[in-house]
Amino acid sequence: MGMEMEKKDTRDRERIEAVLKLMRKQAPLNMKQEKYCNDACVERFLRARGDNVKKAAKHLRLVLSWRESIGIDSLIADEFSGELAEGLAYVAGHDDDARPVVVFRIKQDYPKLQSQKSFVRLLVFTLEVAVSSMSRFVDQFVLLFDASLFRSASAFLNFFMGTLKIVGDYYPGRLHKAFVIDPPSMFSVLWKGVRPFVELAAATAVVCSLDYEDSLEGGSYCFSSYPRTASLRYEPAAATPVTGRQQPVVGSASSRFSFTVSHLNSVKPWYLSTNTGPLGHSSRTVVPAESTPSLIGASPVNARSYSFASPGARSTPVKQQTPLQRTPMQAPRQQPRTPKPSFLQSPANLFNFKKEGHLSKGERDKESFLPFLRFYRRPYDEMVYRAKMRPPLGGLTSIVYAQVKTHHQQSRRFTGHLQRI
């Protein structure tokens, strides 16, 4: 086993040396290019080209020319001060495997207001910050695309495919996973048609944030961050006790609707009403069933229909006996049972050989996105993001801070040396 590993390492080393020798034969490499073409970089290009030395050298030379045309060495944070303030693209943190997680919250109108070159430079700057924040044994990153800011599915598809093309062509072997979150309704149809022609399609997944409302982490922190989810919490103070022979009712109410749950009816124990409650009660109080005159006598089956009907249709309700007034001889009305499905109703079940415990692609994508949900819901902090930028990407602030930090450390060492003397 050890001999095989040594032979494999020897073959990999020979391929890396062959790629570098072929590139130097074509044109000499300067100092920055030599630093970029390290062993890990050449190995990623070899894996991307199927261990073909000529194709890997050609691809690597193309990437070096592209980096010079973009001007990556001159990318600094001061060029994107407005984008950094709004949090359009940033590194949200690192996952459990120390991979940087990049979040894109690009608005639909942003590519129209900026030139194509400026947009590409912002994308490349964000990816370079992610690469510079990697540890020694990490070479991949994760991309999260917040598609809820796009109204057009075709516009987001163009942005998404352009980003994947840049990552696939000029950052080979860097993408671990890319998640599209809350895309427009027609995106799934368009993506299904172009997916076979995208190189990195196997590493992409489409998820919906509403599927993770039950998996909120942090309790009240996540609820407070999302007002729509916070409005679904049950507040015991909002419920008022019901006295007398009435049964207690649980529910909530707003200025427009009243949602009430009854414990007497197990078929449809709820109804909606536009009556906000009796006089003198606030809009948050729960409306008992007897306090809605328009639904007095309505049966449990048609209570929902009455709640959405016009006032004229609800003016003559049918009187119905309560469960306490029923005679012993009167049997309760039973609802029709749903027939069990058979293979005659669905012949496709004959070809469904799904094994027990085997998850579908949608379920696998949903499960794989769960570790990155905290990065998507975490609020953006510009100062935290700037702290991840290494010079010269961080701009003048990071350069001055690094020099001040070095000078402070040297002065502390000198002071400590004097104290020992």
# chains A, B, ... in the order shown; residues from 1 in each chain; ligands from 1

call {"tool": "residues_around", "arguments": {"residues": "Ala92 of chain A", "least_positions_apart": "5", "cutoff": "6 Å", "atoms": "only C-alpha atoms", "output": "count of residues only"}}
result
3

call {"tool": "residues_around", "arguments": {"residues": "Asp182 of chain A", "least_positions_apart": "6", "cutoff": "10 Å", "atoms": "only C-alpha atoms", "output": "PyMOL selection string"}}
result
chain A and resi 145-150+206-210

call {"tool": "residues_around", "arguments": {"residues": "Glu367 of chain A", "least_positions_apart": "2", "cutoff": "12 Å", "atoms": "only C-alpha atoms", "output": "ChimeraX atom specification"}}
result
/A:179,205-208,211-212,215,359-365,369-373

call {"tool": "select_by_dssp", "arguments": {"residues": "segment 24-115 of chain A", "states": "strand (DSSP E or B)", "output": "VMD selection string"}}
result
chain A and resid 89 to 94 100 to 104

call {"tool": "write_last_selection", "arguments": {"atoms": "C-alpha atoms", "output": "PDB file, in the first residue's frame"}}
result
ATOM      1  CA  ALA A  89     -21.379  40.118  -2.534  1.00  0.00           C
ATOM      2  CA  TYR A  90     -19.364  39.082   0.509  1.00  0.00           C
ATOM      3  CA  VAL A  91     -17.777  36.189   2.393  1.00  0.00           C
ATOM      4  CA  ALA A  92     -20.184  35.271   5.195  1.00  0.00           C
ATOM      5  CA  GLY A  93     -17.817  32.935   7.039  1.00  0.00           C
ATOM      6  CA  HIS A  94     -16.424  29.401   6.939  1.00  0.00           C
ATOM      7  CA  PRO A 100     -15.371  29.976   2.790  1.00  0.00           C
ATOM      8  CA  VAL A 101     -19.059  30.644   2.108  1.00  0.00           C
ATOM      9  CA  VAL A 102     -19.727  33.419  -0.427  1.00  0.00           C
ATOM     10  CA  VAL A 103     -23.172  35.059  -0.484  1.00  0.00           C
ATOM     11  CA  PHE A 104     -24.454  36.961  -3.533  1.00  0.00           C
TER      12      PHE A 104
END

call {"tool": "closest_residue", "arguments": {"among": "A:Tyr385, A:Trp191, A:Phe160, A:Tyr170", "to": "Trp66 of chain A", "atoms": "only C-alpha atoms"}}
result
A:Tyr170

call {"tool": "residues_around", "arguments": {"residues": "Ile166 of chain A", "least_positions_apart": "2", "cutoff": "12 Å", "atoms": "only C-alpha atoms", "output": "tab-separated table (two decimals) with all heavy atoms, in the first residue's frame"}}
result
chain	number	residue	atom	x	y	z
A	63	VAL	N	-5.57	31.19	-18.31
A	63	VAL	CA	-5.99	31.82	-17.06
A	63	VAL	C	-5.03	32.94	-16.66
A	63	VAL	O	-5.45	34.01	-16.19
A	63	VAL	CB	-6.11	30.76	-15.95
A	63	VAL	CG1	-6.33	31.41	-14.59
A	63	VAL	CG2	-7.26	29.81	-16.25
A	66	TRP	N	-5.82	35.92	-18.74
A	66	TRP	CA	-7.08	36.53	-18.30
A	66	TRP	C	-6.89	37.33	-17.02
A	66	TRP	O	-7.45	38.42	-16.87
A	66	TRP	CB	-8.13	35.44	-18.10
A	66	TRP	CG	-9.41	35.94	-17.52
A	66	TRP	CD1	-10.44	36.55	-18.17
A	66	TRP	CD2	-9.82	35.86	-16.14
A	66	TRP	NE1	-11.46	36.85	-17.31
A	66	TRP	CE2	-11.10	36.44	-16.05
A	66	TRP	CE3	-9.22	35.35	-15.00
A	66	TRP	CZ2	-11.78	36.53	-14.84
A	66	TRP	CZ3	-9.91	35.44	-13.80
A	66	TRP	CH2	-11.16	36.02	-13.73
A	67	ARG	N	-6.12	36.84	-16.09
A	67	ARG	CA	-5.88	37.56	-14.84
A	67	ARG	C	-5.15	38.87	-15.10
A	67	ARG	O	-5.40	39.87	-14.43
A	67	ARG	CB	-5.08	36.67	-13.89
A	67	ARG	CG	-5.86	35.47	-13.37
A	67	ARG	CD	-4.98	34.56	-12.52
A	67	ARG	NE	-4.61	35.21	-11.27
A	67	ARG	CZ	-5.32	35.16	-10.15
A	67	ARG	NH1	-6.46	34.48	-10.12
A	67	ARG	NH2	-4.90	35.76	-9.05
A	119	PHE	N	-18.91	44.78	-13.27
A	119	PHE	CA	-19.61	43.66	-12.64
A	119	PHE	C	-18.69	42.45	-12.50
A	119	PHE	O	-18.66	41.78	-11.46
A	119	PHE	CB	-20.85	43.31	-13.45
A	119	PHE	CG	-21.63	42.15	-12.92
A	119	PHE	CD1	-22.33	42.25	-11.73
A	119	PHE	CD2	-21.65	40.94	-13.58
A	119	PHE	CE1	-23.05	41.18	-11.23
A	119	PHE	CE2	-22.36	39.87	-13.09
A	119	PHE	CZ	-23.05	39.99	-11.91
A	120	VAL	N	-17.89	42.17	-13.54
A	120	VAL	CA	-16.96	41.04	-13.48
A	120	VAL	C	-15.88	41.30	-12.44
A	120	VAL	O	-15.45	40.38	-11.72
A	120	VAL	CB	-16.37	40.78	-14.87
A	120	VAL	CG1	-15.27	39.72	-14.80
A	120	VAL	CG2	-17.46	40.32	-15.84
A	121	ARG	N	-15.41	42.53	-12.34
A	121	ARG	CA	-14.38	42.85	-11.34
A	121	ARG	C	-14.90	42.67	-9.92
A	121	ARG	O	-14.17	42.21	-9.04
A	121	ARG	CB	-13.88	44.29	-11.56
A	121	ARG	CG	-13.00	44.44	-12.78
A	121	ARG	CD	-12.58	45.89	-12.96
A	121	ARG	NE	-11.74	46.38	-11.88
A	121	ARG	CZ	-10.42	46.23	-11.82
A	121	ARG	NH1	-9.79	45.57	-12.78
A	121	ARG	NH2	-9.72	46.72	-10.80
A	123	LEU	N	-17.23	40.52	-9.04
A	123	LEU	CA	-17.32	39.07	-8.84
A	123	LEU	C	-15.94	38.47	-8.57
A	123	LEU	O	-15.76	37.66	-7.65
A	123	LEU	CB	-17.95	38.44	-10.08
A	123	LEU	CG	-18.00	36.91	-10.13
A	123	LEU	CD1	-18.83	36.36	-8.99
A	123	LEU	CD2	-18.56	36.44	-11.47
A	124	VAL	N	-14.94	38.89	-9.36
A	124	VAL	CA	-13.60	38.35	-9.19
A	124	VAL	C	-13.00	38.81	-7.86
A	124	VAL	O	-12.31	38.03	-7.17
A	124	VAL	CB	-12.71	38.78	-10.37
A	124	VAL	CG1	-11.26	38.37	-10.14
A	124	VAL	CG2	-13.24	38.17	-11.66
A	127	LEU	N	-14.41	36.58	-5.14
A	127	LEU	CA	-13.81	35.24	-5.19
A	127	LEU	C	-12.37	35.26	-4.71
A	127	LEU	O	-11.91	34.31	-4.05
A	127	LEU	CB	-13.90	34.68	-6.61
A	127	LEU	CG	-15.31	34.45	-7.16
A	127	LEU	CD1	-15.25	33.91	-8.57
A	127	LEU	CD2	-16.11	33.51	-6.27
A	159	PHE	N	-27.33	35.89	-15.10
A	159	PHE	CA	-26.35	36.18	-14.05
A	159	PHE	C	-25.76	34.90	-13.47
A	159	PHE	O	-24.54	34.79	-13.26
A	159	PHE	CB	-27.00	37.02	-12.96
A	159	PHE	CG	-26.28	37.00	-11.65
A	159	PHE	CD1	-25.05	37.61	-11.52
A	159	PHE	CD2	-26.82	36.37	-10.54
A	159	PHE	CE1	-24.37	37.60	-10.32
A	159	PHE	CE2	-26.16	36.34	-9.34
A	159	PHE	CZ	-24.92	36.96	-9.22
A	160	PHE	N	-26.59	33.91	-13.23
A	160	PHE	CA	-26.15	32.66	-12.61
A	160	PHE	C	-25.21	31.89	-13.55
A	160	PHE	O	-24.14	31.42	-13.13
A	160	PHE	CB	-27.37	31.83	-12.25
A	160	PHE	CG	-27.06	30.52	-11.58
A	160	PHE	CD1	-26.37	30.50	-10.38
A	160	PHE	CD2	-27.45	29.32	-12.14
A	160	PHE	CE1	-26.07	29.30	-9.75
A	160	PHE	CE2	-27.16	28.12	-11.52
A	160	PHE	CZ	-26.47	28.12	-10.33
A	161	MET	N	-25.58	31.77	-14.81
A	161	MET	CA	-24.75	31.04	-15.76
A	161	MET	C	-23.44	31.78	-16.03
A	161	MET	O	-22.40	31.15	-16.22
A	161	MET	CB	-25.52	30.81	-17.06
A	161	MET	CG	-26.69	29.85	-16.92
A	161	MET	SD	-27.45	29.47	-18.51
A	161	MET	CE	-26.09	28.69	-19.37
A	162	GLY	N	-23.48	33.12	-16.06
A	162	GLY	CA	-22.24	33.87	-16.24
A	162	GLY	C	-21.27	33.67	-15.08
A	162	GLY	O	-20.05	33.53	-15.29
A	163	THR	N	-21.82	33.62	-13.85
A	163	THR	CA	-20.97	33.38	-12.69
A	163	THR	C	-20.38	31.97	-12.71
A	163	THR	O	-19.18	31.78	-12.43
A	163	THR	CB	-21.78	33.59	-11.40
A	163	THR	OG1	-22.36	34.90	-11.41
A	163	THR	CG2	-20.90	33.44	-10.18
A	164	LEU	N	-21.18	30.98	-13.06
A	164	LEU	CA	-20.68	29.61	-13.12
A	164	LEU	C	-19.63	29.45	-14.21
A	164	LEU	O	-18.68	28.67	-14.07
A	164	LEU	CB	-21.84	28.63	-13.36
A	164	LEU	CG	-22.83	28.44	-12.22
A	164	LEU	CD1	-23.87	27.39	-12.59
A	164	LEU	CD2	-22.13	28.05	-10.93
A	168	GLY	N	-15.97	28.15	-13.51
A	168	GLY	CA	-15.52	26.93	-14.18
A	168	GLY	C	-14.30	27.14	-15.05
A	168	GLY	O	-13.42	26.26	-15.12
A	169	ASP	N	-14.21	28.28	-15.74
A	169	ASP	CA	-13.10	28.51	-16.67
A	169	ASP	C	-11.85	29.01	-15.98
A	169	ASP	O	-10.74	28.59	-16.34
A	169	ASP	CB	-13.53	29.51	-17.74
A	169	ASP	CG	-14.61	28.95	-18.66
A	169	ASP	OD1	-14.82	27.72	-18.63
A	169	ASP	OD2	-15.24	29.74	-19.39
A	170	TYR	N	-12.00	29.90	-14.99
A	170	TYR	CA	-10.84	30.57	-14.41
A	170	TYR	C	-10.57	30.19	-12.95
A	170	TYR	O	-9.56	30.63	-12.39
A	170	TYR	CB	-11.03	32.08	-14.51
A	170	TYR	CG	-11.32	32.53	-15.92
A	170	TYR	CD1	-12.55	33.10	-16.24
A	170	TYR	CD2	-10.40	32.35	-16.95
A	170	TYR	CE1	-12.85	33.50	-17.54
A	170	TYR	CE2	-10.68	32.75	-18.25
A	170	TYR	CZ	-11.90	33.32	-18.53
A	170	TYR	OH	-12.19	33.70	-19.82
A	171	TYR	N	-11.45	29.39	-12.36
A	171	TYR	CA	-11.23	28.86	-11.01
A	171	TYR	C	-11.56	27.36	-11.01
A	171	TYR	O	-12.44	26.91	-10.28
A	171	TYR	CB	-12.09	29.59	-9.98
A	171	TYR	CG	-11.73	31.04	-9.79
A	171	TYR	CD1	-12.31	32.03	-10.59
A	171	TYR	CD2	-10.82	31.43	-8.83
A	171	TYR	CE1	-11.98	33.37	-10.44
A	171	TYR	CE2	-10.48	32.78	-8.66
A	171	TYR	CZ	-11.07	33.73	-9.48
A	171	TYR	OH	-10.72	35.06	-9.32
A	172	PRO	N	-10.87	26.57	-11.83
A	172	PRO	CA	-11.21	25.13	-11.92
A	172	PRO	C	-10.92	24.41	-10.60
A	172	PRO	O	-9.90	24.66	-9.94
A	172	PRO	CB	-10.30	24.64	-13.05
A	172	PRO	CG	-9.15	25.59	-13.07
A	172	PRO	CD	-9.71	26.93	-12.67
A	174	ARG	N	-12.39	24.75	-7.83
A	174	ARG	CA	-12.61	25.56	-6.63
A	174	ARG	C	-14.02	25.43	-6.06
A	174	ARG	O	-14.22	25.63	-4.87
A	174	ARG	CB	-12.34	27.04	-6.93
A	174	ARG	CG	-10.89	27.39	-7.16
A	174	ARG	CD	-10.10	27.31	-5.89
A	174	ARG	NE	-8.78	27.92	-5.99
A	174	ARG	CZ	-7.88	27.92	-5.02
A	174	ARG	NH1	-8.16	27.32	-3.86
A	174	ARG	NH2	-6.70	28.48	-5.18
A	175	LEU	N	-15.00	25.13	-6.89
A	175	LEU	CA	-16.40	25.12	-6.44
A	175	LEU	C	-16.73	23.80	-5.77
A	175	LEU	O	-16.59	22.72	-6.36
A	175	LEU	CB	-17.34	25.36	-7.62
A	175	LEU	CG	-18.83	25.40	-7.29
A	175	LEU	CD1	-19.14	26.56	-6.36
A	175	LEU	CD2	-19.67	25.50	-8.55
A	198	VAL	N	-24.34	23.01	-18.95
A	198	VAL	CA	-23.54	23.73	-17.97
A	198	VAL	C	-22.54	22.76	-17.35
A	198	VAL	O	-22.90	21.67	-16.90
A	198	VAL	CB	-24.43	24.37	-16.88
A	198	VAL	CG1	-23.59	25.12	-15.86
A	198	VAL	CG2	-25.43	25.32	-17.52
A	199	GLU	N	-21.27	23.16	-17.31
A	199	GLU	CA	-20.21	22.27	-16.84
A	199	GLU	C	-20.34	21.96	-15.35
A	199	GLU	O	-20.14	20.82	-14.92
A	199	GLU	CB	-18.85	22.91	-17.12
A	199	GLU	CG	-17.67	22.06	-16.68
A	199	GLU	CD	-16.34	22.74	-16.95
A	199	GLU	OE1	-16.36	23.88	-17.48
A	199	GLU	OE2	-15.29	22.16	-16.62
A	200	LEU	N	-20.70	22.97	-14.56
A	200	LEU	CA	-20.79	22.81	-13.10
A	200	LEU	C	-22.21	22.54	-12.63
A	200	LEU	O	-22.53	22.82	-11.47
A	200	LEU	CB	-20.25	24.07	-12.41
A	200	LEU	CG	-18.79	24.41	-12.69
A	200	LEU	CD1	-18.41	25.71	-11.99
A	200	LEU	CD2	-17.87	23.29	-12.24

call {"tool": "closest_residue", "arguments": {"among": "A:Val53, A:Ala203, A:Ala48, A:Leu64", "to": "Glu14 of chain A", "atoms": "only C-alpha atoms"}}
result
A:Val53
